[in-house]
>>> print(open('structure.pdb').read())   # PDB, C-alpha atoms
ATOM      1  CA  MET F   1     137.406  66.864 107.203  1.00  0.00           C
ATOM      2  CA  SER F   2     135.681  67.716 110.454  1.00  0.00           C
ATOM      3  CA  ARG F   3     133.714  64.673 111.509  1.00  0.00           C
ATOM      4  CA  ILE F   4     131.051  66.803 113.134  1.00  0.00           C
ATOM      5  CA  GLY F   5     131.028  69.520 110.464  1.00  0.00           C
ATOM      6  CA  LYS F   6     130.487  67.201 107.514  1.00  0.00           C
ATOM      7  CA  LYS F   7     127.344  65.600 108.967  1.00  0.00           C
ATOM      8  CA  PRO F   8     124.142  66.958 107.419  1.00  0.00           C
ATOM      9  CA  ILE F   9     121.474  68.318 109.780  1.00  0.00           C
ATOM     10  CA  PRO F  10     118.121  66.577 109.183  1.00  0.00           C
ATOM     11  CA  LEU F  11     115.034  68.783 109.549  1.00  0.00           C
ATOM     12  CA  PRO F  12     112.225  67.237 111.637  1.00  0.00           C
ATOM     13  CA  LYS F  13     108.565  67.681 110.712  1.00  0.00           C
ATOM     14  CA  GLY F  14     107.173  71.077 111.638  1.00  0.00           C
ATOM     15  CA  VAL F  15     110.532  72.878 111.421  1.00  0.00           C
ATOM     16  CA  THR F  16     111.176  75.355 108.619  1.00  0.00           C
ATOM     17  CA  VAL F  17     114.553  76.891 107.832  1.00  0.00           C
ATOM     18  CA  THR F  18     115.355  79.930 105.709  1.00  0.00           C
ATOM     19  CA  VAL F  19     118.915  80.769 104.731  1.00  0.00           C
ATOM     20  CA  GLU F  20     119.631  84.341 103.609  1.00  0.00           C
ATOM     21  CA  GLY F  21     123.353  84.792 103.000  1.00  0.00           C
ATOM     22  CA  ASN F  22     124.972  83.926 106.338  1.00  0.00           C
ATOM     23  CA  THR F  23     121.809  84.299 108.413  1.00  0.00           C
ATOM     24  CA  VAL F  24     119.912  81.163 109.357  1.00  0.00           C
ATOM     25  CA  LYS F  25     116.336  81.446 110.641  1.00  0.00           C
ATOM     26  CA  VAL F  26     114.724  78.366 112.173  1.00  0.00           C
ATOM     27  CA  LYS F  27     111.029  78.241 113.029  1.00  0.00           C
ATOM     28  CA  GLY F  28     109.342  75.381 114.838  1.00  0.00           C
ATOM     29  CA  PRO F  29     106.653  74.490 117.368  1.00  0.00           C
ATOM     30  CA  LYS F  30     108.796  75.614 120.345  1.00  0.00           C
ATOM     31  CA  GLY F  31     109.757  79.008 118.921  1.00  0.00           C
ATOM     32  CA  GLU F  32     111.830  80.904 116.406  1.00  0.00           C
ATOM     33  CA  LEU F  33     115.620  81.353 116.465  1.00  0.00           C
ATOM     34  CA  GLN F  34     118.032  83.294 114.275  1.00  0.00           C
ATOM     35  CA  ARG F  35     121.826  83.230 114.026  1.00  0.00           C
ATOM     36  CA  THR F  36     124.477  84.672 111.741  1.00  0.00           C
ATOM     37  CA  VAL F  37     127.282  82.220 110.991  1.00  0.00           C
ATOM     38  CA  HIS F  38     130.845  83.162 110.037  1.00  0.00           C
ATOM     39  CA  PRO F  39     130.933  84.804 106.583  1.00  0.00           C
ATOM     40  CA  GLU F  40     133.557  82.378 105.225  1.00  0.00           C
ATOM     41  CA  LEU F  41     131.332  79.326 105.811  1.00  0.00           C
ATOM     42  CA  LYS F  42     128.502  78.394 103.475  1.00  0.00           C
ATOM     43  CA  ILE F  43     125.164  76.929 104.548  1.00  0.00           C
ATOM     44  CA  ALA F  44     122.953  75.132 102.035  1.00  0.00           C
ATOM     45  CA  LEU F  45     119.444  73.703 102.314  1.00  0.00           C
ATOM     46  CA  GLU F  46     119.008  70.619 100.094  1.00  0.00           C
ATOM     47  CA  ASN F  47     116.513  67.743 100.226  1.00  0.00           C
ATOM     48  CA  GLY F  48     115.262  68.613 103.707  1.00  0.00           C
ATOM     49  CA  GLU F  49     118.798  68.724 105.132  1.00  0.00           C
ATOM     50  CA  LEU F  50     121.143  71.554 106.068  1.00  0.00           C
ATOM     51  CA  THR F  51     124.826  71.271 105.228  1.00  0.00           C
ATOM     52  CA  VAL F  52     127.697  73.487 106.358  1.00  0.00           C
ATOM     53  CA  THR F  53     130.803  73.680 104.129  1.00  0.00           C
ATOM     54  CA  ARG F  54     134.140  75.361 104.686  1.00  0.00           C
ATOM     55  CA  PRO F  55     136.402  77.025 102.099  1.00  0.00           C
ATOM     56  CA  SER F  56     139.741  75.384 103.055  1.00  0.00           C
ATOM     57  CA  ASP F  57     141.491  72.995 105.437  1.00  0.00           C
ATOM     58  CA  GLU F  58     143.037  75.711 107.614  1.00  0.00           C
ATOM     59  CA  ALA F  59     142.862  74.982 111.335  1.00  0.00           C
ATOM     60  CA  ARG F  60     140.684  78.069 111.835  1.00  0.00           C
ATOM     61  CA  HIS F  61     138.195  76.918 109.211  1.00  0.00           C
ATOM     62  CA  LYS F  62     138.120  73.394 110.647  1.00  0.00           C
ATOM     63  CA  ALA F  63     137.271  74.753 114.097  1.00  0.00           C
ATOM     64  CA  LEU F  64     134.580  77.085 112.742  1.00  0.00           C
ATOM     65  CA  HIS F  65     133.124  74.264 110.636  1.00  0.00           C
ATOM     66  CA  GLY F  66     132.290  71.974 113.554  1.00  0.00           C
ATOM     67  CA  LEU F  67     131.210  74.862 115.779  1.00  0.00           C
ATOM     68  CA  SER F  68     128.836  76.362 113.214  1.00  0.00           C
ATOM     69  CA  ARG F  69     127.280  73.013 112.363  1.00  0.00           C
ATOM     70  CA  THR F  70     126.663  72.276 116.060  1.00  0.00           C
ATOM     71  CA  LEU F  71     125.152  75.712 116.711  1.00  0.00           C
ATOM     72  CA  VAL F  72     122.742  75.346 113.791  1.00  0.00           C
ATOM     73  CA  ALA F  73     121.886  71.757 114.845  1.00  0.00           C
ATOM     74  CA  ASN F  74     121.100  73.035 118.360  1.00  0.00           C
ATOM     75  CA  MET F  75     118.792  75.667 116.853  1.00  0.00           C
ATOM     76  CA  VAL F  76     116.918  72.981 114.902  1.00  0.00           C
ATOM     77  CA  GLU F  77     116.647  70.673 117.929  1.00  0.00           C
ATOM     78  CA  GLY F  78     115.616  73.538 120.227  1.00  0.00           C
ATOM     79  CA  THR F  79     112.793  74.715 117.996  1.00  0.00           C
ATOM     80  CA  ALA F  80     111.593  71.120 117.509  1.00  0.00           C
ATOM     81  CA  LYS F  81     111.868  69.688 121.059  1.00  0.00           C
ATOM     82  CA  GLY F  82     113.283  72.423 123.299  1.00  0.00           C
ATOM     83  CA  PHE F  83     115.934  72.181 126.003  1.00  0.00           C
ATOM     84  CA  GLN F  84     115.547  71.706 129.737  1.00  0.00           C
ATOM     85  CA  LYS F  85     117.776  72.027 132.809  1.00  0.00           C
ATOM     86  CA  THR F  86     116.808  71.106 136.357  1.00  0.00           C
ATOM     87  CA  LEU F  87     118.262  72.622 139.510  1.00  0.00           C
ATOM     88  CA  GLU F  88     117.993  71.346 143.092  1.00  0.00           C
ATOM     89  CA  LEU F  89     117.871  73.488 146.228  1.00  0.00           C
ATOM     90  CA  VAL F  90     119.638  71.830 149.164  1.00  0.00           C
ATOM     91  CA  GLY F  91     119.387  73.399 152.595  1.00  0.00           C
ATOM     92  CA  VAL F  92     116.940  74.040 155.420  1.00  0.00           C
ATOM     93  CA  GLY F  93     114.408  76.660 154.354  1.00  0.00           C
ATOM     94  CA  TYR F  94     115.695  76.887 150.768  1.00  0.00           C
ATOM     95  CA  LYS F  95     112.737  77.044 148.389  1.00  0.00           C
ATOM     96  CA  ALA F  96     111.536  78.408 145.061  1.00  0.00           C
ATOM     97  CA  GLU F  97     108.072  79.733 144.239  1.00  0.00           C
ATOM     98  CA  LYS F  98     106.657  80.395 140.758  1.00  0.00           C
ATOM     99  CA  ARG F  99     105.597  84.017 140.228  1.00  0.00           C
ATOM    100  CA  PRO F 100     104.232  85.811 137.112  1.00  0.00           C
ATOM    101  CA  TYR F 101     107.611  87.498 136.486  1.00  0.00           C
ATOM    102  CA  GLY F 102     109.711  84.365 137.096  1.00  0.00           C
ATOM    103  CA  LEU F 103     110.745  82.913 140.459  1.00  0.00           C
ATOM    104  CA  GLN F 104     110.980  84.020 144.063  1.00  0.00           C
ATOM    105  CA  LEU F 105     113.859  82.248 145.796  1.00  0.00           C
ATOM    106  CA  ALA F 106     114.497  81.850 149.517  1.00  0.00           C
ATOM    107  CA  LEU F 107     118.184  80.892 149.755  1.00  0.00           C
ATOM    108  CA  GLY F 108     119.063  81.594 153.376  1.00  0.00           C
ATOM    109  CA  PHE F 109     119.582  85.343 152.986  1.00  0.00           C
ATOM    110  CA  SER F 110     117.686  87.937 155.037  1.00  0.00           C
ATOM    111  CA  HIS F 111     115.556  88.719 151.970  1.00  0.00           C
ATOM    112  CA  ALA F 112     113.882  86.785 149.161  1.00  0.00           C
ATOM    113  CA  ILE F 113     115.483  86.984 145.708  1.00  0.00           C
ATOM    114  CA  GLU F 114     113.297  87.798 142.700  1.00  0.00           C
ATOM    115  CA  PHE F 115     114.648  86.172 139.533  1.00  0.00           C
ATOM    116  CA  ARG F 116     113.096  87.467 136.305  1.00  0.00           C
ATOM    117  CA  ALA F 117     112.905  85.064 133.369  1.00  0.00           C
ATOM    118  CA  PRO F 118     114.378  86.349 130.079  1.00  0.00           C
ATOM    119  CA  LYS F 119     112.270  86.270 126.912  1.00  0.00           C
ATOM    120  CA  GLY F 120     111.763  82.750 125.554  1.00  0.00           C
ATOM    121  CA  ILE F 121     112.503  81.025 128.890  1.00  0.00           C
ATOM    122  CA  THR F 122     109.910  79.302 131.086  1.00  0.00           C
ATOM    123  CA  LEU F 123     110.751  78.843 134.758  1.00  0.00           C
ATOM    124  CA  SER F 124     108.762  76.469 136.940  1.00  0.00           C
ATOM    125  CA  ALA F 125     109.036  74.949 140.396  1.00  0.00           C
ATOM    126  CA  PRO F 126     107.253  71.546 140.413  1.00  0.00           C
ATOM    127  CA  GLN F 127     108.455  71.106 144.014  1.00  0.00           C
ATOM    128  CA  PRO F 128     109.666  73.824 146.399  1.00  0.00           C
ATOM    129  CA  THR F 129     113.208  72.421 146.206  1.00  0.00           C
ATOM    130  CA  GLN F 130     113.369  71.996 142.433  1.00  0.00           C
ATOM    131  CA  ILE F 131     113.593  74.477 139.550  1.00  0.00           C
ATOM    132  CA  VAL F 132     112.972  73.526 135.903  1.00  0.00           C
ATOM    133  CA  ILE F 133     114.211  75.832 133.128  1.00  0.00           C
ATOM    134  CA  ASP F 134     112.690  75.325 129.650  1.00  0.00           C
ATOM    135  CA  GLY F 135     113.452  77.078 126.384  1.00  0.00           C
ATOM    136  CA  ALA F 136     114.286  76.732 122.699  1.00  0.00           C
ATOM    137  CA  ASP F 137     117.763  78.341 122.845  1.00  0.00           C
ATOM    138  CA  LYS F 138     120.307  76.000 124.441  1.00  0.00           C
ATOM    139  CA  GLU F 139     122.724  78.835 125.268  1.00  0.00           C
ATOM    140  CA  VAL F 140     120.117  80.910 127.093  1.00  0.00           C
ATOM    141  CA  VAL F 141     118.784  77.900 129.046  1.00  0.00           C
ATOM    142  CA  GLY F 142     122.314  77.086 130.219  1.00  0.00           C
ATOM    143  CA  GLN F 143     123.059  80.724 131.045  1.00  0.00           C
ATOM    144  CA  VAL F 144     119.885  81.116 133.139  1.00  0.00           C
ATOM    145  CA  ALA F 145     120.697  77.878 134.998  1.00  0.00           C
ATOM    146  CA  ALA F 146     124.230  79.141 135.698  1.00  0.00           C
ATOM    147  CA  GLU F 147     122.908  82.525 136.920  1.00  0.00           C
ATOM    148  CA  ILE F 148     120.436  80.894 139.320  1.00  0.00           C
ATOM    149  CA  ARG F 149     123.160  78.526 140.571  1.00  0.00           C
ATOM    150  CA  SER F 150     125.533  81.458 141.136  1.00  0.00           C
ATOM    151  CA  LEU F 151     123.053  83.056 143.575  1.00  0.00           C
ATOM    152  CA  ARG F 152     124.049  80.413 146.157  1.00  0.00           C
ATOM    153  CA  PRO F 153     126.603  77.893 144.810  1.00  0.00           C
ATOM    154  CA  PRO F 154     126.892  74.623 146.759  1.00  0.00           C
ATOM    155  CA  GLU F 155     129.407  74.752 149.581  1.00  0.00           C
ATOM    156  CA  PRO F 156     131.798  71.849 150.217  1.00  0.00           C
ATOM    157  CA  TYR F 157     131.127  71.222 153.939  1.00  0.00           C
ATOM    158  CA  LYS F 158     127.404  70.465 154.107  1.00  0.00           C
ATOM    159  CA  GLY F 159     126.556  70.633 150.387  1.00  0.00           C
ATOM    160  CA  LYS F 160     124.001  73.424 150.902  1.00  0.00           C
ATOM    161  CA  GLY F 161     123.143  75.638 147.945  1.00  0.00           C
ATOM    162  CA  VAL F 162     121.765  75.472 144.404  1.00  0.00           C
ATOM    163  CA  LYS F 163     123.100  72.601 142.305  1.00  0.00           C
ATOM    164  CA  TYR F 164     122.303  70.922 139.006  1.00  0.00           C
ATOM    165  CA  LEU F 165     120.204  67.756 139.241  1.00  0.00           C
ATOM    166  CA  GLY F 166     122.623  64.847 139.620  1.00  0.00           C
ATOM    167  CA  GLU F 167     125.676  67.081 140.245  1.00  0.00           C
ATOM    168  CA  GLN F 168     128.224  65.563 142.642  1.00  0.00           C
ATOM    169  CA  ILE F 169     129.551  68.020 145.229  1.00  0.00           C
ATOM    170  CA  ARG F 170     133.049  67.266 146.492  1.00  0.00           C
ATOM    171  CA  ARG F 171     132.858  67.264 150.260  1.00  0.00           C
ATOM    172  CA  LYS F 172     135.541  68.423 152.679  1.00  0.00           C
ATOM    173  CA  ALA F 173     136.111  67.290 156.235  1.00  0.00           C
ATOM    174  CA  GLY F 174     135.320  69.877 158.895  1.00  0.00           C
ATOM    175  CA  LYS F 175     137.646  70.940 161.700  1.00  0.00           C
ATOM    176  CA  ALA F 176     139.683  68.030 162.971  1.00  0.00           C
ATOM    177  CA  GLY F 177     140.335  69.298 166.532  1.00  0.00           C
ATOM    178  CA  GLY F 178     137.996  70.364 169.285  1.00  0.00           C
ATOM    179  CA  LYS F 179     136.183  68.651 172.098  1.00  0.00           C
TER     180      LYS F 179
END
>>> encode(input="structure.pdb", output="structure tokens")
Amino acid sequence: MSRIGKKPIPLPKGVTVTVEGNTVKVKGPKGELQRTVHPELKIALENGELTVTRPSDEARHKALHGLSRTLVANMVEGTAKGFQKTLELVGVGYKAEKRPYGLQLALGFSHAIEFRAPKGITLSAPQPTQIVIDGADKEVVGQVAAEIRSLRPPEPYKGKGVKYLGEQIRRKAGKAGGK
């Protein structure tokens, strides 16, 4: 049995789940999410807990079992508490400003970059060198963070660029020769 897949998903207060066939809809204080799981897996709502069961012990079913359970658990957690990622801007003149459409980023290019927030995502800049991404969908929060980071990834010589909070950048030595 999949150790992750066989765990039931407890539903916190304020979160409601409806299961219609293979579609799971989760509604909570932070938003509403919907996902269709693989048709061979069964999802049941019993005693305030969600359980995911698989039809057989095939390797494919075992993999889908743990994956589906984790995806549904992330939906429940996201609608209850939400997810957050923090990015740091490292470099002279690198800054982020909150705008109605999302963020305006100055990342050392000749022009400012306008980054538009997708639906369900809240972007904020508590400090000019910090970006906070909030949302209910863990996948979308991570994707937005990766897209902002890809605008100016950290470089290995001085460490300038956009990096995740707490990320370690492997540094390289510069030119060895010269006067």
>>> axis_aligned_box(input="structure.pdb", around="stretch 148-164 of chain F", padding_each_side="5 Å", output="AutoDock Vina command-line options")
--center_x 126.1 --center_y 76.8 --center_z 146.6 --size_x 21.4 --size_y 22.6 --size_z 25.1
>>> resolve_selection(input="structure.pdb", expression="the PyMOL selection byres ((chain F and resi 52) around 12)", output="VMD selection string")
chain F and resid 1 to 9 19 22 24 37 to 46 49 to 51 53 to 55 61 to 62 64 to 73
>>> resolve_selection(input="structure.pdb", expression="the PyMOL selection byres ((chain F and resi 104) around 10)", output="list of chain:residue names")
F:Lys95, F:Ala96, F:Glu97, F:Lys98, F:Arg99, F:Pro100, F:Tyr101, F:Gly102, F:Leu103, F:Leu105, F:Ala106, F:Leu107, F:Ala112, F:Ile113, F:Glu114, F:Phe115, F:Arg116, F:Ala125
>>> write_last_selection(input="structure.pdb", atoms="C-alpha atoms", output="mmCIF file, in the coordinates of the input")
data_model
loop_
_atom_site.group_PDB
_atom_site.id
_atom_site.type_symbol
_atom_site.label_atom_id
_atom_site.label_comp_id
_atom_site.auth_asym_id
_atom_site.auth_seq_id
_atom_site.Cartn_x
_atom_site.Cartn_y
_atom_site.Cartn_z
ATOM 1 C CA LYS F 95 112.737 77.044 148.389
ATOM 2 C CA ALA F 96 111.536 78.408 145.061
ATOM 3 C CA GLU F 97 108.072 79.733 144.239
ATOM 4 C CA LYS F 98 106.657 80.395 140.758
ATOM 5 C CA ARG F 99 105.597 84.017 140.228
ATOM 6 C CA PRO F 100 104.232 85.811 137.112
ATOM 7 C CA TYR F 101 107.611 87.498 136.486
ATOM 8 C CA GLY F 102 109.711 84.365 137.096
ATOM 9 C CA LEU F 103 110.745 82.913 140.459
ATOM 10 C CA LEU F 105 113.859 82.248 145.796
ATOM 11 C CA ALA F 106 114.497 81.850 149.517
ATOM 12 C CA LEU F 107 118.184 80.892 149.755
ATOM 13 C CA ALA F 112 113.882 86.785 149.161
ATOM 14 C CA ILE F 113 115.483 86.984 145.708
ATOM 15 C CA GLU F 114 113.297 87.798 142.700
ATOM 16 C CA PHE F 115 114.648 86.172 139.533
ATOM 17 C CA ARG F 116 113.096 87.467 136.305
ATOM 18 C CA ALA F 125 109.036 74.949 140.396
#
>>> resolve_selection(input="structure.pdb", expression="the PyMOL selection byres ((chain F and resi 158-168) around 8)", output="list in words")
Lys85, Thr86, Leu87, Glu88, Leu89, Val90, Gly91, Leu107, Ile148, Arg149, Ser150, Leu151, Arg152, Pro153, Pro154, Glu155, Pro156, Tyr157, Ile169, Arg170 and Arg171 of chain F
>>> residues_around(input="structure.pdb", residues="F:Val144", least_positions_apart="5", cutoff="9 Å", atoms="all atoms listed in the file", output="list in words")
Ala117, Pro118, Ile121, Ile133, Glu139 and Arg149 of chain F
>>> write_last_selection(input="structure.pdb", atoms="C-alpha atoms", output="short mmCIF file (atom, residue, chain, number, x, y, z; two decimals), in the frame of the given file")
data_model
loop_
_atom_site.label_atom_id
_atom_site.label_comp_id
_atom_site.auth_asym_id
_atom_site.auth_seq_id
_atom_site.Cartn_x
_atom_site.Cartn_y
_atom_site.Cartn_z
CA ALA F 117 112.90 85.06 133.37
CA PRO F 118 114.38 86.35 130.08
CA ILE F 121 112.50 81.03 128.89
CA ILE F 133 114.21 75.83 133.13
CA GLU F 139 122.72 78.83 125.27
CA ARG F 149 123.16 78.53 140.57
#
